[in-house]
$ cat my_file13.pdb   # PDB, C-alpha atoms and all ligand atoms
ATOM      1  CA  MET A  26      37.992 -18.967 -70.929
ATOM      2  CA  SER A  27      37.816 -16.896 -67.750
ATOM      3  CA  ASN A  28      35.195 -17.325 -65.067
ATOM      4  CA  ALA A  29      33.888 -14.844 -62.495
ATOM      5  CA  PHE A  30      34.596 -17.322 -59.687
ATOM      6  CA  TYR A  31      37.992 -18.571 -60.808
ATOM      7  CA  ASP A  32      41.228 -16.786 -59.963
ATOM      8  CA  ALA A  33      44.620 -18.388 -60.391
ATOM      9  CA  GLY A  34      46.234 -16.105 -57.803
ATOM     10  CA  GLU A  35      45.687 -14.694 -54.338
ATOM     11  CA  ALA A  36      41.967 -14.030 -54.817
ATOM     12  CA  ARG A  37      41.246 -17.737 -55.384
ATOM     13  CA  ALA A  38      39.935 -18.562 -51.898
ATOM     14  CA  ALA A  39      37.797 -15.417 -51.644
ATOM     15  CA  LYS A  40      36.151 -16.136 -54.996
ATOM     16  CA  VAL A  41      35.511 -19.783 -54.126
ATOM     17  CA  ASN A  42      33.970 -18.611 -50.868
ATOM     18  CA  ASP A  43      31.707 -16.166 -52.773
ATOM     19  CA  LEU A  44      30.672 -18.973 -55.079
ATOM     20  CA  PHE A  45      29.554 -21.338 -52.325
ATOM     21  CA  ALA A  46      27.870 -18.513 -50.408
ATOM     22  CA  ALA A  47      25.823 -17.831 -53.544
ATOM     23  CA  ILE A  48      24.754 -21.416 -54.246
ATOM     24  CA  ALA A  49      24.573 -23.012 -50.769
ATOM     25  CA  ARG A  50      20.773 -23.197 -50.569
ATOM     26  CA  ARG A  51      20.429 -24.827 -54.002
ATOM     27  CA  TYR A  52      23.638 -26.893 -53.851
ATOM     28  CA  ASP A  53      22.058 -30.277 -53.045
ATOM     29  CA  LEU A  54      19.294 -29.981 -55.633
ATOM     30  CA  ILE A  55      21.714 -29.042 -58.405
ATOM     31  CA  ASN A  56      24.101 -31.851 -57.431
ATOM     32  CA  ASP A  57      21.288 -34.306 -58.021
ATOM     33  CA  LEU A  58      20.311 -32.734 -61.324
ATOM     34  CA  GLN A  59      23.763 -32.350 -62.844
ATOM     35  CA  SER A  60      24.908 -35.863 -61.876
ATOM     36  CA  PHE A  61      21.508 -37.526 -62.425
ATOM     37  CA  GLY A  62      21.674 -38.489 -58.731
ATOM     38  CA  LEU A  63      24.857 -40.494 -59.251
ATOM     39  CA  HIS A  64      26.898 -38.463 -56.758
ATOM     40  CA  ARG A  65      24.991 -40.318 -54.032
ATOM     41  CA  LEU A  66      26.361 -43.662 -55.269
ATOM     42  CA  TRP A  67      29.904 -42.320 -55.523
ATOM     43  CA  LYS A  68      29.749 -40.938 -52.000
ATOM     44  CA  ARG A  69      28.508 -44.316 -50.740
ATOM     45  CA  ARG A  70      31.537 -45.877 -52.393
ATOM     46  CA  VAL A  71      33.775 -43.433 -50.496
ATOM     47  CA  VAL A  72      32.152 -44.489 -47.230
ATOM     48  CA  ARG A  73      32.595 -48.199 -48.037
ATOM     49  CA  LEU A  74      36.266 -47.623 -48.817
ATOM     50  CA  ALA A  75      36.665 -45.957 -45.421
ATOM     51  CA  GLN A  76      36.211 -49.408 -43.794
ATOM     52  CA  ILE A  77      34.879 -47.876 -40.609
ATOM     53  CA  GLN A  78      35.819 -49.740 -37.436
ATOM     54  CA  PRO A  79      34.246 -49.226 -34.006
ATOM     55  CA  GLY A  80      35.779 -46.201 -32.335
ATOM     56  CA  ASP A  81      37.120 -44.678 -35.564
ATOM     57  CA  ARG A  82      37.477 -40.912 -35.842
ATOM     58  CA  ALA A  83      36.750 -39.458 -39.263
ATOM     59  CA  LEU A  84      37.429 -36.064 -40.778
ATOM     60  CA  ASP A  85      35.584 -34.925 -43.892
ATOM     61  CA  LEU A  86      37.240 -31.899 -45.474
ATOM     62  CA  CYS A  87      35.370 -29.380 -47.606
ATOM     63  CA  CYS A  88      32.278 -31.086 -46.192
ATOM     64  CA  GLY A  89      29.873 -28.559 -47.689
ATOM     65  CA  THR A  90      26.286 -29.488 -46.854
ATOM     66  CA  GLY A  91      27.505 -32.643 -45.113
ATOM     67  CA  ASP A  92      26.683 -35.619 -47.380
ATOM     68  CA  ILE A  93      29.869 -37.573 -46.727
ATOM     69  CA  ALA A  94      30.285 -36.480 -43.097
ATOM     70  CA  PHE A  95      26.737 -37.546 -42.342
ATOM     71  CA  ALA A  96      27.192 -40.936 -44.050
ATOM     72  CA  LEU A  97      30.441 -41.579 -42.160
ATOM     73  CA  ALA A  98      28.704 -40.736 -38.890
ATOM     74  CA  ARG A  99      25.757 -42.964 -39.734
ATOM     75  CA  GLN A 100      28.191 -45.866 -40.149
ATOM     76  CA  GLY A 101      29.494 -45.278 -36.637
ATOM     77  CA  ALA A 102      32.530 -43.024 -37.021
ATOM     78  CA  THR A 103      32.932 -40.069 -34.689
ATOM     79  CA  THR A 104      32.967 -37.501 -37.459
ATOM     80  CA  THR A 105      34.092 -33.920 -37.909
ATOM     81  CA  GLY A 106      33.127 -32.015 -41.043
ATOM     82  CA  LEU A 107      35.238 -28.986 -41.895
ATOM     83  CA  ASP A 108      34.494 -26.294 -44.443
ATOM     84  CA  PHE A 109      35.324 -22.619 -44.828
ATOM     85  CA  SER A 110      31.865 -21.553 -46.001
ATOM     86  CA  PRO A 111      29.477 -20.568 -43.191
ATOM     87  CA  GLN A 112      26.564 -20.773 -45.636
ATOM     88  CA  MET A 113      27.337 -24.385 -46.609
ATOM     89  CA  LEU A 114      27.887 -25.322 -42.946
ATOM     90  CA  GLU A 115      24.558 -23.781 -42.037
ATOM     91  CA  VAL A 116      22.792 -26.168 -44.432
ATOM     92  CA  ALA A 117      24.837 -29.086 -43.030
ATOM     93  CA  ALA A 118      23.875 -28.180 -39.474
ATOM     94  CA  VAL A 119      20.165 -27.994 -40.322
ATOM     95  CA  ARG A 120      20.354 -31.427 -42.006
ATOM     96  CA  SER A 121      21.947 -32.880 -38.865
ATOM     97  CA  GLN A 122      19.374 -31.494 -36.472
ATOM     98  CA  ASN A 123      17.304 -34.670 -36.230
ATOM     99  CA  PRO A 124      19.714 -37.562 -36.437
ATOM    100  CA  ASN A 125      18.294 -41.019 -35.825
ATOM    101  CA  PRO A 126      18.838 -42.103 -32.267
ATOM    102  CA  GLY A 127      21.738 -44.508 -32.153
ATOM    103  CA  PHE A 128      24.332 -42.513 -34.002
ATOM    104  CA  GLN A 129      26.159 -39.370 -33.202
ATOM    105  CA  ALA A 130      25.725 -36.527 -35.699
ATOM    106  CA  PRO A 131      28.897 -35.004 -37.130
ATOM    107  CA  THR A 132      30.470 -31.989 -35.503
ATOM    108  CA  TYR A 133      30.884 -29.176 -37.992
ATOM    109  CA  LEU A 134      33.737 -26.736 -37.916
ATOM    110  CA  GLN A 135      34.626 -23.706 -39.975
ATOM    111  CA  GLY A 136      38.223 -23.789 -41.143
ATOM    112  CA  ASP A 137      40.706 -23.934 -43.976
ATOM    113  CA  ALA A 138      41.477 -27.378 -45.378
ATOM    114  CA  GLN A 139      45.004 -26.190 -46.111
ATOM    115  CA  GLN A 140      45.703 -25.308 -42.487
ATOM    116  CA  LEU A 141      43.900 -27.779 -40.285
ATOM    117  CA  PRO A 142      43.344 -27.005 -36.608
ATOM    118  CA  PHE A 143      44.227 -30.554 -35.491
ATOM    119  CA  PRO A 144      47.376 -32.153 -34.158
ATOM    120  CA  ASP A 145      49.302 -34.728 -36.205
ATOM    121  CA  SER A 146      47.885 -38.284 -36.285
ATOM    122  CA  SER A 147      44.354 -37.432 -35.118
ATOM    123  CA  PHE A 148      42.031 -39.359 -37.489
ATOM    124  CA  ASP A 149      41.496 -42.926 -38.731
ATOM    125  CA  ILE A 150      39.715 -41.718 -41.875
ATOM    126  CA  VAL A 151      40.241 -38.495 -43.829
ATOM    127  CA  THR A 152      37.970 -37.828 -46.798
ATOM    128  CA  VAL A 153      37.417 -34.958 -49.188
ATOM    129  CA  GLY A 154      34.609 -34.863 -51.754
ATOM    130  CA  TYR A 155      34.758 -32.360 -54.595
ATOM    131  CA  GLY A 156      36.999 -30.198 -52.458
ATOM    132  CA  LEU A 157      40.637 -30.648 -53.419
ATOM    133  CA  ARG A 158      40.026 -29.098 -56.862
ATOM    134  CA  ASN A 159      38.802 -25.916 -55.173
ATOM    135  CA  LEU A 160      41.832 -25.306 -52.995
ATOM    136  CA  THR A 161      44.456 -22.710 -53.808
ATOM    137  CA  SER A 162      46.944 -25.567 -53.429
ATOM    138  CA  TRP A 163      45.541 -29.086 -53.725
ATOM    139  CA  GLU A 164      49.002 -30.445 -52.806
ATOM    140  CA  ARG A 165      48.909 -28.533 -49.524
ATOM    141  CA  GLY A 166      45.443 -29.978 -48.888
ATOM    142  CA  LEU A 167      46.769 -33.512 -49.347
ATOM    143  CA  ASP A 168      49.770 -32.761 -47.152
ATOM    144  CA  GLU A 169      47.384 -31.710 -44.405
ATOM    145  CA  MET A 170      45.217 -34.815 -44.872
ATOM    146  CA  HIS A 171      48.359 -36.892 -44.499
ATOM    147  CA  ARG A 172      49.561 -34.964 -41.453
ATOM    148  CA  VAL A 173      46.357 -35.373 -39.442
ATOM    149  CA  ALA A 174      45.938 -39.047 -40.438
ATOM    150  CA  LYS A 175      46.951 -41.687 -37.897
ATOM    151  CA  PRO A 176      49.203 -44.541 -38.974
ATOM    152  CA  GLY A 177      46.869 -47.027 -40.677
ATOM    153  CA  ALA A 178      44.367 -44.288 -41.624
ATOM    154  CA  ARG A 179      42.500 -44.313 -44.938
ATOM    155  CA  LEU A 180      42.755 -41.183 -47.111
ATOM    156  CA  ILE A 181      40.049 -40.865 -49.761
ATOM    157  CA  VAL A 182      39.546 -38.185 -52.401
ATOM    158  CA  LEU A 183      36.459 -37.978 -54.631
ATOM    159  CA  ASP A 184      36.391 -35.429 -57.426
ATOM    160  CA  PHE A 185      35.749 -34.735 -61.065
ATOM    161  CA  GLY A 186      38.288 -36.539 -63.185
ATOM    162  CA  LYS A 187      39.808 -36.352 -66.619
ATOM    163  CA  PRO A 188      38.855 -39.301 -68.816
ATOM    164  CA  ALA A 189      41.764 -40.861 -70.710
ATOM    165  CA  ASN A 190      39.619 -41.457 -73.799
ATOM    166  CA  ALA A 191      39.705 -38.283 -75.915
ATOM    167  CA  LEU A 192      36.213 -38.679 -77.370
ATOM    168  CA  TRP A 193      34.612 -39.361 -74.000
ATOM    169  CA  ARG A 194      36.541 -36.458 -72.483
ATOM    170  CA  ALA A 195      35.289 -34.111 -75.213
ATOM    171  CA  LEU A 196      31.673 -35.214 -74.680
ATOM    172  CA  TYR A 197      31.964 -34.918 -70.935
ATOM    173  CA  PHE A 198      33.599 -31.476 -71.094
ATOM    174  CA  THR A 199      30.755 -30.409 -73.399
ATOM    175  CA  HIS A 200      28.288 -31.486 -70.689
ATOM    176  CA  LEU A 201      30.246 -29.410 -68.154
ATOM    177  CA  ARG A 202      30.467 -26.451 -70.552
ATOM    178  CA  CYS A 203      26.851 -26.421 -71.725
ATOM    179  CA  SER A 204      24.318 -28.422 -69.690
ATOM    180  CA  VAL A 205      25.737 -27.877 -66.213
ATOM    181  CA  PRO A 206      25.783 -24.035 -66.419
ATOM    182  CA  LEU A 207      22.284 -24.182 -67.921
ATOM    183  CA  ILE A 208      21.069 -26.211 -64.923
ATOM    184  CA  GLY A 209      22.800 -23.642 -62.683
ATOM    185  CA  LEU A 210      21.033 -20.811 -64.470
ATOM    186  CA  LEU A 211      17.599 -22.442 -64.381
ATOM    187  CA  PHE A 212      17.626 -23.690 -60.800
ATOM    188  CA  CYS A 213      19.956 -21.257 -59.060
ATOM    189  CA  GLY A 214      19.920 -18.207 -61.323
ATOM    190  CA  ASN A 215      23.692 -18.520 -61.654
ATOM    191  CA  ALA A 216      25.305 -20.013 -64.756
ATOM    192  CA  SER A 217      28.773 -18.744 -63.905
ATOM    193  CA  ALA A 218      28.932 -20.617 -60.590
ATOM    194  CA  TYR A 219      28.418 -23.854 -62.488
ATOM    195  CA  ALA A 220      30.650 -22.953 -65.434
ATOM    196  CA  TYR A 221      33.328 -22.750 -62.712
ATOM    197  CA  ILE A 222      33.404 -26.564 -62.496
ATOM    198  CA  LEU A 223      34.970 -26.927 -65.925
ATOM    199  CA  GLU A 224      37.284 -23.964 -65.375
ATOM    200  CA  SER A 225      38.568 -25.373 -62.076
ATOM    201  CA  LEU A 226      38.916 -28.856 -63.569
ATOM    202  CA  LYS A 227      41.085 -27.496 -66.373
ATOM    203  CA  HIS A 228      43.504 -26.197 -63.739
ATOM    204  CA  TYR A 229      43.388 -29.369 -61.628
ATOM    205  CA  PRO A 230      45.602 -32.261 -62.652
ATOM    206  CA  ALA A 231      42.989 -34.772 -61.397
ATOM    207  CA  GLN A 232      43.232 -38.439 -60.522
ATOM    208  CA  LEU A 233      46.641 -39.369 -61.946
ATOM    209  CA  ALA A 234      48.477 -36.496 -60.266
ATOM    210  CA  VAL A 235      46.649 -37.080 -56.980
ATOM    211  CA  ALA A 236      47.781 -40.735 -57.086
ATOM    212  CA  GLU A 237      51.329 -39.603 -57.834
ATOM    213  CA  LYS A 238      51.253 -37.219 -54.889
ATOM    214  CA  MET A 239      49.857 -39.985 -52.640
ATOM    215  CA  ARG A 240      52.773 -42.203 -53.680
ATOM    216  CA  GLY A 241      55.122 -39.295 -52.959
ATOM    217  CA  LEU A 242      53.674 -39.149 -49.440
ATOM    218  CA  LYS A 243      54.557 -42.858 -49.171
ATOM    219  CA  LEU A 244      50.949 -43.944 -48.748
ATOM    220  CA  ALA A 245      50.324 -47.664 -49.135
ATOM    221  CA  ASN A 246      47.794 -49.400 -51.416
ATOM    222  CA  VAL A 247      47.394 -46.282 -53.554
ATOM    223  CA  ARG A 248      44.535 -46.809 -55.989
ATOM    224  CA  VAL A 249      42.634 -44.824 -58.572
ATOM    225  CA  ILE A 250      39.031 -45.892 -58.986
ATOM    226  CA  ASN A 251      37.687 -44.420 -62.205
ATOM    227  CA  LEU A 252      33.935 -43.893 -62.323
ATOM    228  CA  LEU A 253      32.028 -43.259 -65.548
ATOM    229  CA  GLY A 254      35.150 -43.871 -67.594
ATOM    230  CA  GLY A 255      37.242 -41.471 -65.535
ATOM    231  CA  ALA A 256      34.774 -38.566 -65.589
ATOM    232  CA  MET A 257      34.758 -38.980 -61.820
ATOM    233  CA  ALA A 258      37.469 -40.570 -59.751
ATOM    234  CA  ILE A 259      38.204 -41.769 -56.269
ATOM    235  CA  ASN A 260      41.800 -41.738 -55.061
ATOM    236  CA  TYR A 261      42.561 -44.054 -52.170
ATOM    237  CA  GLY A 262      45.652 -44.532 -50.028
ATOM    238  CA  GLU A 263      46.596 -45.719 -46.540
ATOM    239  CA  LYS A 264      49.078 -44.142 -44.194
ATOM    240  CA  PRO A 265      51.549 -46.896 -43.315
ATOM    241  CA  LYS A 266      51.390 -48.265 -39.756
TER     242      LYS A 266
HETATM  243  C1  LIG A 301      31.801 -28.704 -54.301
HETATM  244  S1  LIG A 301      31.637 -28.449 -52.591
HETATM  245  C2  LIG A 301      31.708 -30.098 -51.966
HETATM  246  C3  LIG A 301      30.807 -30.329 -50.800
HETATM  247  C4  LIG A 301      30.697 -31.774 -50.339
HETATM  248  N1  LIG A 301      31.966 -32.305 -49.941
HETATM  249  C5  LIG A 301      30.069 -32.648 -51.382
HETATM  250  O1  LIG A 301      30.743 -33.584 -51.822
HETATM  251  O2  LIG A 301      28.923 -32.418 -51.751
HETATM  252  C6  LIG A 301      33.220 -27.829 -52.179
HETATM  253  C7  LIG A 301      33.301 -27.302 -50.769
HETATM  254  O3  LIG A 301      34.662 -26.970 -50.491
HETATM  255  C8  LIG A 301      34.669 -25.854 -49.628
HETATM  256  N2  LIG A 301      36.024 -25.260 -49.660
HETATM  257  C9  LIG A 301      36.655 -24.727 -50.705
HETATM  258  N3  LIG A 301      37.891 -24.295 -50.359
HETATM  259  C10 LIG A 301      38.035 -24.600 -49.045
HETATM  260  C11 LIG A 301      39.078 -24.434 -48.100
HETATM  261  N4  LIG A 301      40.249 -23.853 -48.443
HETATM  262  N5  LIG A 301      38.911 -24.884 -46.845
HETATM  263  C12 LIG A 301      37.735 -25.471 -46.493
HETATM  264  N6  LIG A 301      36.699 -25.630 -47.333
HETATM  265  C13 LIG A 301      36.844 -25.212 -48.599
HETATM  266  C14 LIG A 301      33.562 -24.976 -50.159
HETATM  267  O4  LIG A 301      33.112 -24.042 -49.207
HETATM  268  C15 LIG A 301      32.499 -26.025 -50.507
HETATM  269  O5  LIG A 301      31.603 -26.231 -49.458
END
$ encode --input "my_file13.pdb" --output "structure tokens" --more "lines below"
Ligand SMILES: C[S@@+](CC[C@H](N)C(=O)[O-])C[C@H]1O[C@@H](n2cnc3c(N)ncnc32)[C@H](O)[C@@H]1O
Amino acid sequence: MSNAFYDAGEARAAKVNDLFAAIARRYDLINDLQSFGLHRLWKRRVVRLAQIQPGDRALDLCCGTGDIAFALARQGATTTGLDFSPQMLEVAAVRSQNPNPGFQAPTYLQGDAQQLPFPDSSFDIVTVGYGLRNLTSWERGLDEMHRVAKPGARLIVLDFGKPANALWRALYFTHLRCSVPLIGLLFCGNASAYAYILESLKHYPAQLAVAEKMRGLKLANVRVINLLGGAMAINYGEKPK
């Protein structure tokens, strides 16, 4: 099945950019609806896994409207959120306008997750939530996460997964094929933007391949944390000291 926002070739990034420009203002609402609010719990889990220490510097890639970046900052990390969509970053910036006194709001930066504007070994924590799947090359994205991570840094990836159980996978893919685009149509006037999730997931090798790549990068303590029977997954690894 083809999708207006999916391109396997050179137009991939431009189409993904168009997609997020179109849905930025409704992105947070639809996230809550399509995941029944559960994405908030999964993002909290990411932040717990980051094991933030005083003085830590965190980078959240594909930060979108800033959920994870903001949570990392609230826990005390000096945080940078990077995304290539000005429309998503605009929402993130508005949300950060009135941070509670006592913690430093994230700095937001427009850029490409596959070509990061940071020197090697810059961050203690590098996260990406629902971003790797959208890159033209998810492997390149992980390479960059690894490059900018300091020795001892935690690398954490949250994304849609592929359940191992065939029946559960079929049910879950049906939810992505039918209910999620319907929610997109009703609340954002755009079914195609939300049908993109399933299309992009089909082309993304998900949690097992990400773990394999993390092992290939010689990360330590590589773990896959399956959520909802593998429908979502967190990949975790540490850059050796
Ligand atoms: C599904 S949203 C995730 C937003 C946020 N991390 C969250 O968990 O809610 C994916 C984000 O990835 C961004 N993105 C996609 N490709 C990118 C790239 N090559 N470089 C930087 N950001 C990218 C999009 O603009 C979008 O904001």
$ closest_residue --input "my_file13.pdb" --among "A:Ser217, A:Thr132, A:Ser60, A:Thr152" --to "Arg73 of chain A" --atoms "only C-alpha atoms"
A:Thr152
$ axis_aligned_box --input "my_file13.pdb" --around "ligand LIG 301 (chain A)" --padding-each-side "4 Å" --output "lines of an AutoDock Vina configuration file"
center_x = 34.6
center_y = -28.7
center_z = -50.4
size_x = 19.3
size_y = 17.7
size_z = 15.8
$ residues_around --input "my_file13.pdb" --residues "Ala174 of chain A" --least-positions-apart "3" --cutoff "10 Å" --atoms "only C-alpha atoms" --output "number ranges by chain"
A: 82-84, 143-151, 168-171, 177-180, 263-264
$ residues_near_ligand --input "my_file13.pdb" --ligand "ligand LIG 301 (chain A)" --cutoff "6 Å" --atoms "only C-alpha atoms and all ligand atoms" --output "PyMOL selection string"
chain A and resi 42+45+87-89+92+108-110+113+136-139+154-156+159-160
$ resolve_selection --input "my_file13.pdb" --expression "the PyMOL selection byres (((chain A and resi 240) around 12) and not hetatm)" --output "ChimeraX atom specification"
/A:167-168,171,233-239,241-249,260-265
$ closest_residue --input "my_file13.pdb" --among "A:Gly62, A:Glu224, A:His200, A:Leu114" --to "Ala33 of chain A" --atoms "all atoms listed in the file"
A:Glu224
$ closest_residue --input "my_file13.pdb" --among "A:Trp163, A:Phe30, A:Tyr229, A:Phe128" --to "Gln100 of chain A" --atoms "all atoms listed in the file"
A:Phe128
$ residues_around --input "my_file13.pdb" --residues "Tyr52 of chain A" --least-positions-apart "5" --cutoff "12 Å" --atoms "all atoms listed in the file" --output "VMD selection string"
chain A and resid 44 to 47 57 to 59 89 to 92 112 to 114 116 to 117 208 to 209 212 to 213 215 218 to 219
$ closest_residue --input "my_file13.pdb" --among "A:Trp67, A:Phe185, A:Phe61, A:Phe95" --to "Ser225 of chain A" --atoms "only C-alpha atoms"
A:Phe185
$ atom_distance --input "my_file13.pdb" --atom1 "atom CA of Pro111 of chain A" --atom2 "atom CA of Ala38 of chain A"
13.8 Å
$ atom_distance --input "my_file13.pdb" --atom1 "atom CA of Lys227 of chain A" --atom2 "atom CA of Leu63 of chain A"
22.0 Å
$ closest_atom_pairs --input "my_file13.pdb" --of "segment 157-194 of chain A" --to "segment 255-259 of chain A" --cutoff "7 Å" --atoms "only C-alpha atoms" --output "tab-separated table"
residue	atom	partner	partner_atom	distance
A:Ile181	CA	A:Ile259	CA	6.8
A:Val182	CA	A:Ile259	CA	5.4
A:Leu183	CA	A:Ile259	CA	4.5
A:Asp184	CA	A:Ala258	CA	5.7
A:Phe185	CA	A:Met257	CA	4.4
A:Gly186	CA	A:Met257	CA	4.5
A:Lys187	CA	A:Ala256	CA	5.6
A:Pro188	CA	A:Gly255	CA	4.3
A:Ala189	CA	A:Gly255	CA	6.9
$ atom_distance --input "my_file13.pdb" --atom1 "atom CA of Ile93 of chain A" --atom2 "atom CA of Arg172 of chain A"
20.6 Å
$ residues_around --input "my_file13.pdb" --residues "Gly80 of chain A" --least-positions-apart "6" --cutoff "10 Å" --atoms "only C-alpha atoms" --output "VMD selection string"
chain A and resid 101 to 103 149
$ write_last_selection --input "my_file13.pdb" --atoms "C-alpha atoms" --output "PDB file, keeping the file's coordinate frame"
ATOM      1  CA  GLY A 101      29.494 -45.278 -36.637  1.00  0.00           C
ATOM      2  CA  ALA A 102      32.530 -43.024 -37.021  1.00  0.00           C
ATOM      3  CA  THR A 103      32.932 -40.069 -34.689  1.00  0.00           C
ATOM      4  CA  ASP A 149      41.496 -42.926 -38.731  1.00  0.00           C
TER       5      ASP A 149
END
$ resolve_selection --input "my_file13.pdb" --expression "the PyMOL selection byres (((chain A and resi 106) around 6) and not hetatm)" --output "list in words"
Leu84, Asp85, Cys88, Ala94, Thr105, Leu107 and Tyr133 of chain A
$ write_last_selection --input "my_file13.pdb" --atoms "C-alpha atoms" --output "PDB file, in the coordinates of the input"
ATOM      1  CA  LEU A  84      37.429 -36.064 -40.778  1.00  0.00           C
ATOM      2  CA  ASP A  85      35.584 -34.925 -43.892  1.00  0.00           C
ATOM      3  CA  CYS A  88      32.278 -31.086 -46.192  1.00  0.00           C
ATOM      4  CA  ALA A  94      30.285 -36.480 -43.097  1.00  0.00           C
ATOM      5  CA  THR A 105      34.092 -33.920 -37.909  1.00  0.00           C
ATOM      6  CA  LEU A 107      35.238 -28.986 -41.895  1.00  0.00           C
ATOM      7  CA  TYR A 133      30.884 -29.176 -37.992  1.00  0.00           C
TER       8      TYR A 133
END
$ closest_residue --input "my_file13.pdb" --among "A:Ala98, A:Ala39, A:Arg65, A:Ala195" --to "Asp81 of chain A" --atoms "all atoms listed in the file"
A:Ala98
$ build_atoms --input "my_file13.pdb" --residues "segment 208-223 of chain A" --atoms "N, CA, C and O atoms" --output "mmCIF file, keeping the file's coordinate frame"
data_model
loop_
_atom_site.group_PDB
_atom_site.id
_atom_site.type_symbol
_atom_site.label_atom_id
_atom_site.label_comp_id
_atom_site.auth_asym_id
_atom_site.auth_seq_id
_atom_site.Cartn_x
_atom_site.Cartn_y
_atom_site.Cartn_z
ATOM 1 N N ILE A 208 21.779 -25.759 -66.133
ATOM 2 C CA ILE A 208 21.069 -26.211 -64.923
ATOM 3 C C ILE A 208 21.274 -25.176 -63.804
ATOM 4 O O ILE A 208 20.342 -24.819 -63.083
ATOM 5 N N GLY A 209 22.497 -24.664 -63.696
ATOM 6 C CA GLY A 209 22.800 -23.642 -62.683
ATOM 7 C C GLY A 209 21.959 -22.394 -62.887
ATOM 8 O O GLY A 209 21.433 -21.807 -61.934
ATOM 9 N N LEU A 210 21.812 -22.015 -64.157
ATOM 10 C CA LEU A 210 21.033 -20.811 -64.470
ATOM 11 C C LEU A 210 19.550 -21.032 -64.138
ATOM 12 O O LEU A 210 18.912 -20.197 -63.494
ATOM 13 N N LEU A 211 19.036 -22.179 -64.552
ATOM 14 C CA LEU A 211 17.599 -22.442 -64.381
ATOM 15 C C LEU A 211 17.197 -22.624 -62.920
ATOM 16 O O LEU A 211 16.162 -22.162 -62.488
ATOM 17 N N PHE A 212 18.055 -23.318 -62.155
ATOM 18 C CA PHE A 212 17.626 -23.690 -60.800
ATOM 19 C C PHE A 212 18.263 -22.853 -59.701
ATOM 20 O O PHE A 212 17.912 -22.970 -58.539
ATOM 21 N N CYS A 213 19.263 -22.032 -60.097
ATOM 22 C CA CYS A 213 19.956 -21.257 -59.060
ATOM 23 C C CYS A 213 20.141 -19.808 -59.522
ATOM 24 O O CYS A 213 20.622 -18.973 -58.778
ATOM 25 N N GLY A 214 19.759 -19.551 -60.769
ATOM 26 C CA GLY A 214 19.920 -18.207 -61.323
ATOM 27 C C GLY A 214 21.372 -17.818 -61.500
ATOM 28 O O GLY A 214 21.708 -16.633 -61.532
ATOM 29 N N ASN A 215 22.270 -18.831 -61.611
ATOM 30 C CA ASN A 215 23.692 -18.520 -61.654
ATOM 31 C C ASN A 215 24.428 -19.513 -62.557
ATOM 32 O O ASN A 215 24.828 -20.594 -62.124
ATOM 33 N N ALA A 216 24.605 -19.129 -63.812
ATOM 34 C CA ALA A 216 25.305 -20.013 -64.756
ATOM 35 C C ALA A 216 26.794 -20.036 -64.469
ATOM 36 O O ALA A 216 27.462 -21.070 -64.568
ATOM 37 N N SER A 217 27.325 -18.890 -64.093
ATOM 38 C CA SER A 217 28.773 -18.744 -63.905
ATOM 39 C C SER A 217 29.295 -19.662 -62.796
ATOM 40 O O SER A 217 30.379 -20.259 -62.917
ATOM 41 N N ALA A 218 28.502 -19.779 -61.716
ATOM 42 C CA ALA A 218 28.932 -20.617 -60.590
ATOM 43 C C ALA A 218 29.115 -22.057 -61.046
ATOM 44 O O ALA A 218 29.969 -22.787 -60.533
ATOM 45 N N TYR A 219 28.322 -22.462 -62.029
ATOM 46 C CA TYR A 219 28.418 -23.854 -62.488
ATOM 47 C C TYR A 219 29.371 -24.014 -63.668
ATOM 48 O O TYR A 219 29.932 -25.094 -63.871
ATOM 49 N N ALA A 220 29.598 -22.920 -64.403
ATOM 50 C CA ALA A 220 30.650 -22.953 -65.434
ATOM 51 C C ALA A 220 32.020 -23.071 -64.757
ATOM 52 O O ALA A 220 32.989 -23.549 -65.349
ATOM 53 N N TYR A 221 32.088 -22.660 -63.501
ATOM 54 C CA TYR A 221 33.328 -22.750 -62.712
ATOM 55 C C TYR A 221 33.854 -24.189 -62.633
ATOM 56 O O TYR A 221 35.061 -24.410 -62.566
ATOM 57 N N ILE A 222 32.950 -25.169 -62.650
ATOM 58 C CA ILE A 222 33.404 -26.564 -62.496
ATOM 59 C C ILE A 222 34.413 -26.912 -63.591
ATOM 60 O O ILE A 222 35.501 -27.427 -63.310
ATOM 61 N N LEU A 223 34.056 -26.598 -64.827
ATOM 62 C CA LEU A 223 34.970 -26.927 -65.925
ATOM 63 C C LEU A 223 36.257 -26.110 -65.821
ATOM 64 O O LEU A 223 37.361 -26.633 -66.009
#
